[in-house]
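J.: Pasting in a structure now, in structure tokens, and then I'll have a few things to ask.
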Amino acid sequence: MASTDLETEFETGASACPGCSMASVAAQHARQQAGEEDETILVSLPTIHCAACINTVEQGLLALPHVKDARVNLTRKRATVHADPGTDPADIAADVERLGYEAHILDSATLSGDSADRAGRDLLMRLAVAGFASMNVMLLSVAVWSGAEGATRDLFHWISAAIVMPAVAFSAQPFFRNAWTALRAGHLNMDVPISLAILLALVTSLWETSLSGEHAYFDAAIALTFFLLTGRYLDYRTRSVARSAARELAALEVPKAWRLTEDGDEKVDVSTLAVGDLIRVHPGARMPVDGEITEGRSELDRSLLTGETVPVYAEPGRDVSAGEVNLTGPLVIRASAVGRDTSLHRMADLVAIAESGRSRYTSLADKAAKLYAPGVHILSALAFVGWLLYSGDLRVALNVAAAVLIITCPCALGLAVPAVTTAASGRLFRHGLLIKNATALERLAQVDTVVFDKTGTLTAGTPVLTNLQSLPPRDLQIALALAEGSAHPLSKALAQAARDAGVVPAEVTGVTEVPGHGTEGTWQGSTVRLGRAGWVGAGSVDQTAAWLRVGGDAAQPFLFTDRLRNGAAETVAALEQSGLRVILMSGDGPQAVRSLAETLGIDDWTAEALPADKAARIEALSAEGAKVLMVGDGLNDTAALTAAHASISPASALDAARVASDIVLLGSTLAPLPEAISTAGRSLRRIRENFTVATWYNIIAVPLAVAGLCSPLIAALAMSASSITVSLNALRVR
Amino acid sequence: MEVLSFLIPISIFLGIVGLVGFIWTLRTNQYDDPEGDARRILSDTYDDHPAED
């Protein structure tokens, strides 16, 4: 291990500077002897797409002296990097960005369960064994169907038994286990008729074979297991893809905080913070806990919590809540509530109340199963009793009962829903939508009303300057000079707009930022200030604004509005065109909400809505019979997201909102939304068609089975044909 | 029909070879990055450090 590392190290460094590479080899060797562990860094690479990209990233990373190994996984769009101890993950991300690819650090602790995908592998193994056994048994069965007789038929039956018995014992375990759990709890599920059909088929077939009988259902038993396992596996995979993508989103926001200790600041996990800790929050960072400001002045962006876009002034003594974003100056806060007690988590109470409505939804598959499971048992039992009374022969009666159970076995039912959901989720994932919940597609298809949140959902949460044209050039030049001295979002937006308009900054000296207030400087001997109204000495407007005062002149307002999210206008237009009712509900002030509603052509809007108001309005709509789709991103939306019939949140949303919603929009645009609703509608139609197809097969084959005319050949044909039809029909959604 | 005594064991044996092969690929994580592997084979640089674990 050590020697190969030394070699690669030498090779990569040799051409540039043999001496320094030798030095770094020696240093690395020393570190290895000191017993420090390598740093494993996961980097998400959303834009990577080709063989050349893999090469560029891997070679580029390996060329770095502190990187030992780099491996790109194109399927997951992720790179695993092994680097020297003490390497900062942020440096690796910056190196990848320099190679020309967008890179984000993933928290490896959050993703730890990801690689050990035991359940999926286990299912696949069982599927492979069932597939192997059913292929072999089918070969033998073909001989029997085409007329093998006497000793040959018995031999073939016994060989089939020898293959099928152990294969079923291994492969069908998930069904047996589920059925057993359901029976012990005293109710029926889909797995009970499945297990009963498989077991009864095996028992009667063994009995028949031992009596040199003509009909054995070994092939049916194993084919049943194979098809049903395929459905299970598809279902599992769809959910696991969604789960791992959701986990990756969570891993993108590494929850770290800076705790003040006697020996300086230390970087710790947010989960280790305690009440009373002093925490430093840098500009641009999110409050990790609830607390009180003890030091520093700044401005806070509360839009994710309340929907307000105007930043609030922050000074010592003011209470802050977890989730607020610190804008200008560094702050020190004393934690007053951590983890589950923060206001972020207290929202969970509201969510829990709304949740009870959601769980009342029964999926189509469950509805079908409720009708189906008892029906099959009754039918099969009736056939058994009928034949026993009619012929008095237990063997014949048992054979008929087994045939009925096999024919009615829900192969097509078991495949109908997972095959469609897999195809539809795959299609939507390619369009940038992540389906988190199994029944989300069905619910999305029924939607007739769409409720949007404003800030962060219809808007991108970044301000743009609106009154550039009406500002005097002199003020613009001074403002640009002052704005460039600050990292405040409004300053950045102002500087961007002014630069784009070709404004040249005025010569302002001594530019200093006063955290929480604005920036100050000297221009031609007089003091110039750009910042909050109160600090500059100006009036107020009911819109996001920064004010500029030059010397003793009247203050000049720079007005901002929130930039529309990409595709927002088209999406709203498309939704209204397809006959859906669109409502805008925001926690922001009436002025901002009205202007946005007018821009987008939404007639029905509400401003200054509290979280409980939003949820109440949605419940009122539901009570009127509307099926509401809620699209929102903030903490103030979580209750509404849960109360709605279906819910979507953008990837930029707070973790709490993403958890509460069924579907996550991965890109930065809203454009896939109308497409998602139409795809959901289409997949619901396919599921219904699949149920119809499956029912028709049963209607044709069941009378044959009850009449005792069903041979193993007919059973095999009916089962395979219905399963294949259903799968092909599902593929049409792709 | 004596030929069956060869053919049936042979067919089952071949089936088992395929099954064992599949289980081997599954156990050695060969389905972790199907898309990347499909592209890597087109690249002319030799992949001398395949994924571990």
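We name chains A, B, ... following the order of the structure tokens; residues begin at 1 in each chain, and ligands are numbered from 1 as shown.
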Please identify every residue of chain A that has at least one atom no farther than 10 Å from an atom of chain B, counting only C-alpha atoms, and for each give the shortest atom pair and the distance in Å to one decimal, arranged by chain then increasing number, as a tab-separated table.
T.:
```
residue	atom	partner	partner_atom	distance
A:His49	CA	B:Gly36	CA	9.0
A:Cys50	CA	B:Arg39	CA	6.8
A:Ala51	CA	B:Arg39	CA	5.1
A:Ala52	CA	B:Ser43	CA	7.5
A:Ile54	CA	B:Arg40	CA	7.9
A:Asn55	CA	B:Ser43	CA	8.2
A:Asp69	CA	B:His49	CA	8.2
A:Ala70	CA	B:His49	CA	8.8
A:Arg71	CA	B:Ala51	CA	6.7
A:Val72	CA	B:Gly36	CA	7.9
A:Asn73	CA	B:Asp33	CA	5.7
A:Leu74	CA	B:Gly36	CA	4.6
A:Thr75	CA	B:Asp33	CA	5.1
A:Arg76	CA	B:Asp33	CA	7.3
A:Lys77	CA	B:Gly36	CA	9.2
A:Thr80	CA	B:Ala51	CA	9.4
A:Ser115	CA	B:Asp32	CA	8.8
A:Arg121	CA	B:Leu26	CA	7.2
A:Asp122	CA	B:Leu26	CA	9.8
A:Leu124	CA	B:Leu26	CA	8.5
A:Met125	CA	B:Ile23	CA	6.7
A:Ala128	CA	B:Leu19	CA	6.8
A:Val129	CA	B:Leu19	CA	7.0
A:Gly131	CA	B:Leu19	CA	9.0
A:Phe132	CA	B:Gly15	CA	6.4
A:Ala133	CA	B:Gly15	CA	8.5
A:Met135	CA	B:Gly15	CA	8.5
A:Asn136	CA	B:Ile12	CA	6.8
A:Val137	CA	B:Ile12	CA	9.7
A:Leu139	CA	B:Ser11	CA	9.4
A:Leu140	CA	B:Ile8	CA	8.8
A:Thr152	CA	B:Met1	CA	9.0
A:Phe156	CA	B:Ile8	CA	9.5
A:Ile159	CA	B:Ile8	CA	9.1
A:Ile163	CA	B:Ile12	CA	9.2
```
J.: Applying 9 Å and only C-alpha atoms, which residues near Ser141 in chain A remain after dropping the ones on its own chain fewer than 4 positions away? List them as a PyMOL selection string.
T.: chain A and resi 136-137+145-146+156-157+160+218-219+713
J.: How would the residues just picked look written out with N, CA and C atoms as a PDB file, in the first residue's frame?
T.:
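Final output, out.pdb:
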```pdb
ATOM      1  N   ASN A 136     -34.883 -23.207 -16.133  1.00  0.00           N
ATOM      2  CA  ASN A 136     -34.623 -24.637 -16.234  1.00  0.00           C
ATOM      3  C   ASN A 136     -35.905 -25.452 -16.191  1.00  0.00           C
ATOM      4  N   VAL A 137     -36.803 -25.066 -15.284  1.00  0.00           N
ATOM      5  CA  VAL A 137     -38.034 -25.821 -15.135  1.00  0.00           C
ATOM      6  C   VAL A 137     -38.913 -25.657 -16.365  1.00  0.00           C
ATOM      7  N   TRP A 145     -45.395 -30.677 -21.658  1.00  0.00           N
ATOM      8  CA  TRP A 145     -46.558 -30.144 -22.369  1.00  0.00           C
ATOM      9  C   TRP A 145     -46.673 -30.757 -23.760  1.00  0.00           C
ATOM     10  N   SER A 146     -45.510 -31.032 -24.396  1.00  0.00           N
ATOM     11  CA  SER A 146     -45.594 -31.537 -25.773  1.00  0.00           C
ATOM     12  C   SER A 146     -45.794 -33.049 -25.782  1.00  0.00           C
ATOM     13  N   PHE A 156     -39.072 -36.023 -15.302  1.00  0.00           N
ATOM     14  CA  PHE A 156     -39.032 -34.574 -15.471  1.00  0.00           C
ATOM     15  C   PHE A 156     -39.683 -33.864 -14.287  1.00  0.00           C
ATOM     16  N   HIS A 157     -40.790 -34.427 -13.816  1.00  0.00           N
ATOM     17  CA  HIS A 157     -41.451 -33.825 -12.655  1.00  0.00           C
ATOM     18  C   HIS A 157     -40.553 -33.856 -11.434  1.00  0.00           C
ATOM     19  N   SER A 160     -37.820 -31.318 -11.806  1.00  0.00           N
ATOM     20  CA  SER A 160     -38.399 -29.991 -11.551  1.00  0.00           C
ATOM     21  C   SER A 160     -38.555 -29.762 -10.060  1.00  0.00           C
ATOM     22  N   PHE A 218     -45.096 -27.169 -10.740  1.00  0.00           N
ATOM     23  CA  PHE A 218     -43.803 -26.642 -10.279  1.00  0.00           C
ATOM     24  C   PHE A 218     -43.415 -25.382 -11.050  1.00  0.00           C
ATOM     25  N   ASP A 219     -43.601 -25.451 -12.374  1.00  0.00           N
ATOM     26  CA  ASP A 219     -43.230 -24.293 -13.207  1.00  0.00           C
ATOM     27  C   ASP A 219     -44.043 -23.067 -12.819  1.00  0.00           C
ATOM     28  N   LEU A 713     -50.233 -25.824 -18.506  1.00  0.00           N
ATOM     29  CA  LEU A 713     -49.875 -25.029 -19.684  1.00  0.00           C
ATOM     30  C   LEU A 713     -50.705 -23.752 -19.730  1.00  0.00           C
TER      31      LEU A 713
END
```
J.: Using only C-alpha atoms, determine which residues lie at most 12 Å from range 569-578 of chain A, disregarding the query and same-chain residues fewer than 2 positions distant; provide the list as number ranges by chain.
T.: A: 447-452, 457-459, 563-567, 580-584, 596-603, 629, 631, 669-678
J.: Taking into account only C-alpha atoms, which residue in the set A:Ile41, A:Val270, A:Leu610, A:Leu441 is nearest to Pro85 in chain A?
T.: A:Ile41
J.: Write out as a PDB file with C-alpha atoms, in the first residue's frame the set of residues from range 121-277 of chain A that DSSP, computed on the backbone, places in helix (DSSP H, G or I).
T.:
```
ATOM      1  CA  ARG A 121     -28.768  -6.849  -3.210  1.00  0.00           C
ATOM      2  CA  ASP A 122     -30.664  -9.452  -1.230  1.00  0.00           C
ATOM      3  CA  LEU A 123     -33.762  -9.026  -3.424  1.00  0.00           C
ATOM      4  CA  LEU A 124     -31.673  -9.185  -6.591  1.00  0.00           C
ATOM      5  CA  MET A 125     -30.017 -12.409  -5.418  1.00  0.00           C
ATOM      6  CA  ARG A 126     -33.411 -14.002  -4.763  1.00  0.00           C
ATOM      7  CA  LEU A 127     -34.619 -12.765  -8.143  1.00  0.00           C
ATOM      8  CA  ALA A 128     -31.581 -14.324  -9.866  1.00  0.00           C
ATOM      9  CA  VAL A 129     -32.134 -17.704  -8.182  1.00  0.00           C
ATOM     10  CA  ALA A 130     -35.844 -17.645  -9.094  1.00  0.00           C
ATOM     11  CA  GLY A 131     -34.959 -16.690 -12.676  1.00  0.00           C
ATOM     12  CA  PHE A 132     -32.423 -19.500 -12.978  1.00  0.00           C
ATOM     13  CA  ALA A 133     -34.828 -22.085 -11.571  1.00  0.00           C
ATOM     14  CA  SER A 134     -37.792 -20.974 -13.671  1.00  0.00           C
ATOM     15  CA  MET A 135     -35.780 -21.093 -16.909  1.00  0.00           C
ATOM     16  CA  ASN A 136     -34.623 -24.637 -16.234  1.00  0.00           C
ATOM     17  CA  VAL A 137     -38.034 -25.821 -15.135  1.00  0.00           C
ATOM     18  CA  MET A 138     -39.671 -24.221 -18.180  1.00  0.00           C
ATOM     19  CA  LEU A 139     -37.322 -26.234 -20.436  1.00  0.00           C
ATOM     20  CA  LEU A 140     -38.401 -29.429 -18.708  1.00  0.00           C
ATOM     21  CA  SER A 141     -42.059 -28.390 -18.742  1.00  0.00           C
ATOM     22  CA  VAL A 142     -42.038 -27.820 -22.486  1.00  0.00           C
ATOM     23  CA  ALA A 143     -41.240 -31.521 -22.888  1.00  0.00           C
ATOM     24  CA  VAL A 144     -44.107 -32.465 -20.596  1.00  0.00           C
ATOM     25  CA  TRP A 145     -46.558 -30.144 -22.369  1.00  0.00           C
ATOM     26  CA  GLY A 150     -44.904 -42.419 -18.275  1.00  0.00           C
ATOM     27  CA  ALA A 151     -41.430 -42.685 -16.776  1.00  0.00           C
ATOM     28  CA  THR A 152     -40.056 -39.686 -18.733  1.00  0.00           C
ATOM     29  CA  ARG A 153     -42.810 -37.406 -17.407  1.00  0.00           C
ATOM     30  CA  ASP A 154     -42.243 -38.640 -13.846  1.00  0.00           C
ATOM     31  CA  LEU A 155     -38.505 -38.116 -14.197  1.00  0.00           C
ATOM     32  CA  PHE A 156     -39.032 -34.574 -15.471  1.00  0.00           C
ATOM     33  CA  HIS A 157     -41.451 -33.825 -12.655  1.00  0.00           C
ATOM     34  CA  TRP A 158     -38.999 -35.088 -10.054  1.00  0.00           C
ATOM     35  CA  ILE A 159     -36.135 -33.054 -11.529  1.00  0.00           C
ATOM     36  CA  SER A 160     -38.399 -29.991 -11.551  1.00  0.00           C
ATOM     37  CA  ALA A 161     -39.261 -30.658  -7.923  1.00  0.00           C
ATOM     38  CA  ALA A 162     -35.586 -30.943  -7.039  1.00  0.00           C
ATOM     39  CA  ILE A 163     -34.885 -27.542  -8.626  1.00  0.00           C
ATOM     40  CA  VAL A 164     -38.021 -25.724  -7.493  1.00  0.00           C
ATOM     41  CA  MET A 165     -38.253 -26.750  -3.845  1.00  0.00           C
ATOM     42  CA  PRO A 166     -34.920 -25.217  -2.723  1.00  0.00           C
ATOM     43  CA  ALA A 167     -35.325 -22.264  -5.109  1.00  0.00           C
ATOM     44  CA  VAL A 168     -38.742 -21.387  -3.681  1.00  0.00           C
ATOM     45  CA  ALA A 169     -37.511 -21.961  -0.142  1.00  0.00           C
ATOM     46  CA  PHE A 170     -34.852 -19.314  -0.778  1.00  0.00           C
ATOM     47  CA  SER A 171     -36.512 -16.890  -3.210  1.00  0.00           C
ATOM     48  CA  GLN A 173     -38.918 -15.922   1.744  1.00  0.00           C
ATOM     49  CA  PRO A 174     -39.947 -12.213   1.576  1.00  0.00           C
ATOM     50  CA  PHE A 175     -43.541 -13.240   0.747  1.00  0.00           C
ATOM     51  CA  PHE A 176     -43.668 -15.911   3.443  1.00  0.00           C
ATOM     52  CA  ARG A 177     -42.308 -13.513   6.034  1.00  0.00           C
ATOM     53  CA  ASN A 178     -44.760 -10.716   5.151  1.00  0.00           C
ATOM     54  CA  ALA A 179     -47.682 -13.132   5.061  1.00  0.00           C
ATOM     55  CA  TRP A 180     -46.732 -14.568   8.450  1.00  0.00           C
ATOM     56  CA  THR A 181     -46.465 -11.092  10.016  1.00  0.00           C
ATOM     57  CA  ALA A 182     -49.874 -10.147   8.590  1.00  0.00           C
ATOM     58  CA  LEU A 183     -51.546 -13.364   9.750  1.00  0.00           C
ATOM     59  CA  ARG A 184     -50.109 -13.050  13.234  1.00  0.00           C
ATOM     60  CA  ASP A 191     -48.715 -11.758   0.447  1.00  0.00           C
ATOM     61  CA  VAL A 192     -51.156 -14.166   2.092  1.00  0.00           C
ATOM     62  CA  PRO A 193     -52.801 -15.364  -1.153  1.00  0.00           C
ATOM     63  CA  ILE A 194     -49.369 -15.336  -2.834  1.00  0.00           C
ATOM     64  CA  SER A 195     -47.761 -17.547  -0.177  1.00  0.00           C
ATOM     65  CA  LEU A 196     -50.798 -19.800  -0.058  1.00  0.00           C
ATOM     66  CA  ALA A 197     -50.794 -20.234  -3.857  1.00  0.00           C
ATOM     67  CA  ILE A 198     -47.081 -21.065  -3.951  1.00  0.00           C
ATOM     68  CA  LEU A 199     -47.238 -23.511  -1.046  1.00  0.00           C
ATOM     69  CA  LEU A 200     -50.461 -25.188  -2.160  1.00  0.00           C
ATOM     70  CA  ALA A 201     -49.103 -25.559  -5.711  1.00  0.00           C
ATOM     71  CA  LEU A 202     -45.951 -27.218  -4.394  1.00  0.00           C
ATOM     72  CA  VAL A 203     -47.822 -29.589  -2.064  1.00  0.00           C
ATOM     73  CA  THR A 204     -50.361 -30.756  -4.667  1.00  0.00           C
ATOM     74  CA  SER A 205     -47.643 -31.080  -7.300  1.00  0.00           C
ATOM     75  CA  LEU A 206     -45.497 -33.245  -5.022  1.00  0.00           C
ATOM     76  CA  TRP A 207     -48.498 -35.377  -4.229  1.00  0.00           C
ATOM     77  CA  GLU A 208     -49.413 -35.703  -7.920  1.00  0.00           C
ATOM     78  CA  THR A 209     -45.842 -36.553  -8.856  1.00  0.00           C
ATOM     79  CA  SER A 210     -45.570 -39.246  -6.198  1.00  0.00           C
ATOM     80  CA  PHE A 218     -43.803 -26.642 -10.279  1.00  0.00           C
ATOM     81  CA  ASP A 219     -43.230 -24.293 -13.207  1.00  0.00           C
ATOM     82  CA  ALA A 220     -46.188 -22.161 -12.150  1.00  0.00           C
ATOM     83  CA  ALA A 221     -44.955 -21.898  -8.563  1.00  0.00           C
ATOM     84  CA  ILE A 222     -41.492 -20.725  -9.553  1.00  0.00           C
ATOM     85  CA  ALA A 223     -42.663 -18.445 -12.386  1.00  0.00           C
ATOM     86  CA  LEU A 224     -45.054 -16.816  -9.925  1.00  0.00           C
ATOM     87  CA  THR A 225     -42.197 -16.213  -7.523  1.00  0.00           C
ATOM     88  CA  PHE A 226     -40.066 -14.778 -10.317  1.00  0.00           C
ATOM     89  CA  PHE A 227     -42.673 -12.324 -11.642  1.00  0.00           C
ATOM     90  CA  LEU A 228     -43.696 -11.166  -8.181  1.00  0.00           C
ATOM     91  CA  LEU A 229     -40.083 -10.676  -7.140  1.00  0.00           C
ATOM     92  CA  THR A 230     -39.547  -8.587 -10.283  1.00  0.00           C
ATOM     93  CA  GLY A 231     -42.396  -6.320  -9.171  1.00  0.00           C
ATOM     94  CA  ARG A 232     -40.965  -6.124  -5.650  1.00  0.00           C
ATOM     95  CA  TYR A 233     -37.507  -5.326  -6.947  1.00  0.00           C
ATOM     96  CA  LEU A 234     -38.723  -2.550  -9.279  1.00  0.00           C
ATOM     97  CA  ASP A 235     -40.696  -1.057  -6.427  1.00  0.00           C
ATOM     98  CA  TYR A 236     -37.700  -1.230  -4.119  1.00  0.00           C
ATOM     99  CA  ARG A 237     -35.355   0.321  -6.663  1.00  0.00           C
ATOM    100  CA  THR A 238     -37.608   3.289  -7.382  1.00  0.00           C
ATOM    101  CA  ARG A 239     -37.846   4.025  -3.703  1.00  0.00           C
ATOM    102  CA  SER A 240     -34.147   3.540  -3.075  1.00  0.00           C
ATOM    103  CA  VAL A 241     -33.157   5.868  -5.929  1.00  0.00           C
ATOM    104  CA  ALA A 242     -35.449   8.533  -4.483  1.00  0.00           C
ATOM    105  CA  ARG A 243     -34.164   7.903  -0.973  1.00  0.00           C
ATOM    106  CA  SER A 244     -30.517   8.155  -1.914  1.00  0.00           C
ATOM    107  CA  ALA A 245     -31.128  11.329  -3.924  1.00  0.00           C
ATOM    108  CA  ALA A 246     -32.999  12.846  -0.971  1.00  0.00           C
ATOM    109  CA  ARG A 247     -30.146  11.858   1.326  1.00  0.00           C
ATOM    110  CA  GLU A 248     -27.687  13.468  -1.054  1.00  0.00           C
ATOM    111  CA  LEU A 249     -29.652  16.722  -0.860  1.00  0.00           C
ATOM    112  CA  ALA A 250     -29.446  16.559   2.934  1.00  0.00           C
ATOM    113  CA  ALA A 251     -25.716  15.789   2.768  1.00  0.00           C
ATOM    114  CA  LEU A 252     -25.150  18.903   0.688  1.00  0.00           C
ATOM    115  CA  VAL A 270     -24.628  21.266  15.030  1.00  0.00           C
ATOM    116  CA  SER A 271     -25.942  18.191  16.846  1.00  0.00           C
ATOM    117  CA  THR A 272     -23.282  18.582  19.552  1.00  0.00           C
TER     118      THR A 272
END
```
J.: Applying 9 Å and only C-alpha atoms, which residues near Phe691 in chain A remain after dropping the ones on its own chain fewer than 5 positions away? List them as an NGL selection string.
T.: :A and (368 or 412-413 or 416-417 or 686 or 696 or 726)
J.: Between A:Ile92, A:Ile687, A:Ala705, A:Ala460, single out the one closest to Ser652 in chain A, counting only C-alpha atoms.
T.: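 Closest to Ser652 in chain A of all the choices is A:Ala460.
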J.: Please indicate the distance in Å from CA of Pro515 in chain A to CA of Val536 in chain A, rounded to one decimal place.
T.: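 Separating CA of Pro515 in chain A from CA of Val536 in chain A is a distance of 13.5 Å.
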